[in-house]
file run_3.txt (compact mmCIF, C-alpha atoms)
# COMPACT_ATOMS: atom_id res chain seq x y z
CA TYR A 1 74.61 63.54 60.87
CA SER A 2 74.08 59.79 60.85
CA VAL A 3 74.97 59.35 64.53
CA GLU A 4 72.57 62.12 65.55
CA LYS A 5 69.84 60.63 63.37
CA ALA A 6 70.40 57.12 64.74
CA LEU A 7 70.23 58.35 68.34
CA ARG A 8 66.95 60.18 67.80
CA SER A 9 65.52 57.25 65.88
CA ALA A 10 66.42 54.85 68.69
CA VAL A 11 64.51 56.96 71.19
CA THR A 12 61.48 57.31 68.95
CA LEU A 13 61.38 53.64 68.01
CA GLY A 14 61.69 52.62 71.64
CA LEU A 15 58.72 54.75 72.59
CA VAL A 16 56.52 53.01 70.04
CA GLY A 17 57.69 49.55 71.09
CA ALA A 18 60.31 48.60 68.51
CA GLY A 19 63.28 48.53 70.89
CA GLY A 20 66.01 51.07 71.43
CA ILE A 21 66.70 53.65 74.09
CA GLY A 22 63.08 54.69 74.41
CA VAL A 23 62.04 51.29 75.81
CA GLU A 24 63.40 52.23 79.24
CA LEU A 25 61.61 55.56 79.08
CA ALA A 26 58.33 53.97 78.04
CA ALA A 27 58.61 51.36 80.81
CA ALA A 28 59.31 54.00 83.46
CA MET A 29 56.33 56.05 82.33
CA ARG A 30 54.06 53.01 82.18
CA LEU A 31 55.02 52.12 85.77
CA PHE A 32 54.44 55.74 86.92
CA ASN A 33 58.10 55.96 87.91
CA PHE A 34 58.35 59.59 86.89
CA ASP A 35 61.64 60.36 88.65
CA ARG A 36 63.33 57.62 86.62
CA ALA A 37 61.59 58.82 83.45
CA LEU A 38 62.83 62.36 84.06
CA THR A 39 66.36 61.05 84.59
CA ILE A 40 66.20 59.12 81.30
CA ILE A 41 64.86 62.18 79.47
CA LEU A 42 67.66 64.35 80.87
CA VAL A 43 70.32 61.80 79.92
CA ILE A 44 68.91 61.59 76.39
CA LEU A 45 68.87 65.40 76.17
CA VAL A 46 72.49 65.68 77.34
CA VAL A 47 73.66 62.97 74.93
CA VAL A 48 71.83 64.52 71.96
CA ILE A 49 73.17 68.00 72.73
CA GLY A 50 76.66 66.58 73.25
CA PHE A 51 76.62 64.77 69.92
CA GLU A 52 75.30 67.88 68.17
CA GLN A 53 78.08 70.00 69.66
CA LEU A 54 80.70 67.42 68.72
CA SER A 55 79.44 67.07 65.16
CA SER A 56 79.24 70.85 64.84
CA GLN A 57 82.89 71.17 65.85
CA ILE A 58 83.90 68.44 63.40
CA ARG A 59 81.95 70.08 60.57
CA LYS A 60 83.61 73.45 61.29
CA ARG A 61 87.05 71.86 61.05
CA VAL A 62 86.25 69.95 57.88
CA ILE A 63 84.47 72.73 56.01
call {"tool": "encode", "arguments": {"input": "run_3.txt", "output": "structure tokens"}}
result
Amino acid sequence: YSVEKALRSAVTLGLVGAGGIGVELAAAMRLFNFDRALTIILVILVVVIGFEQLSSQIRKRVI
């Protein structure tokens, strides 16, 4: 759970200006570079879903 939480927090904190993954997304949106922003959003989505699937498999094996 902590890796998933840290990943989501990094995106959120970056969007509000505190650093993290969301900084690139915020910069792309601020520069109206929407194709890059969409790419960043898709990469974040894939990584979050991937980590959730991985942690789900680990929890099933442990529990």
call {"tool": "residues_near_point", "arguments": {"input": "run_3.txt", "point": "(62.4, 60.9, 80.4)", "cutoff": "12 Å", "atoms": "only C-alpha atoms", "output": "number ranges by chain"}}
result
A: 11, 15, 21-30, 32-46
call {"tool": "atom_distance", "arguments": {"input": "run_3.txt", "atom1": "atom CA of Leu31 of chain A", "atom2": "atom CA of Gly17 of chain A"}}
result
15.1 Å
call {"tool": "atom_distance", "arguments": {"input": "run_3.txt", "atom1": "atom CA of Gly50 of chain A", "atom2": "atom CA of Ala18 of chain A"}}
result
24.8 Å
call {"tool": "atom_distance", "arguments": {"input": "run_3.txt", "atom1": "atom CA of Ser55 of chain A", "atom2": "atom CA of Gly20 of chain A"}}
result
21.8 Å
call {"tool": "axis_aligned_box", "arguments": {"input": "run_3.txt", "around": "segment 16-31 of chain A", "padding_each_side": "5 Å", "output": "JSON"}}
result
{"center_x": 60.4, "center_y": 52.3, "center_z": 77.1, "size_x": 22.6, "size_y": 17.5, "size_z": 27.3}
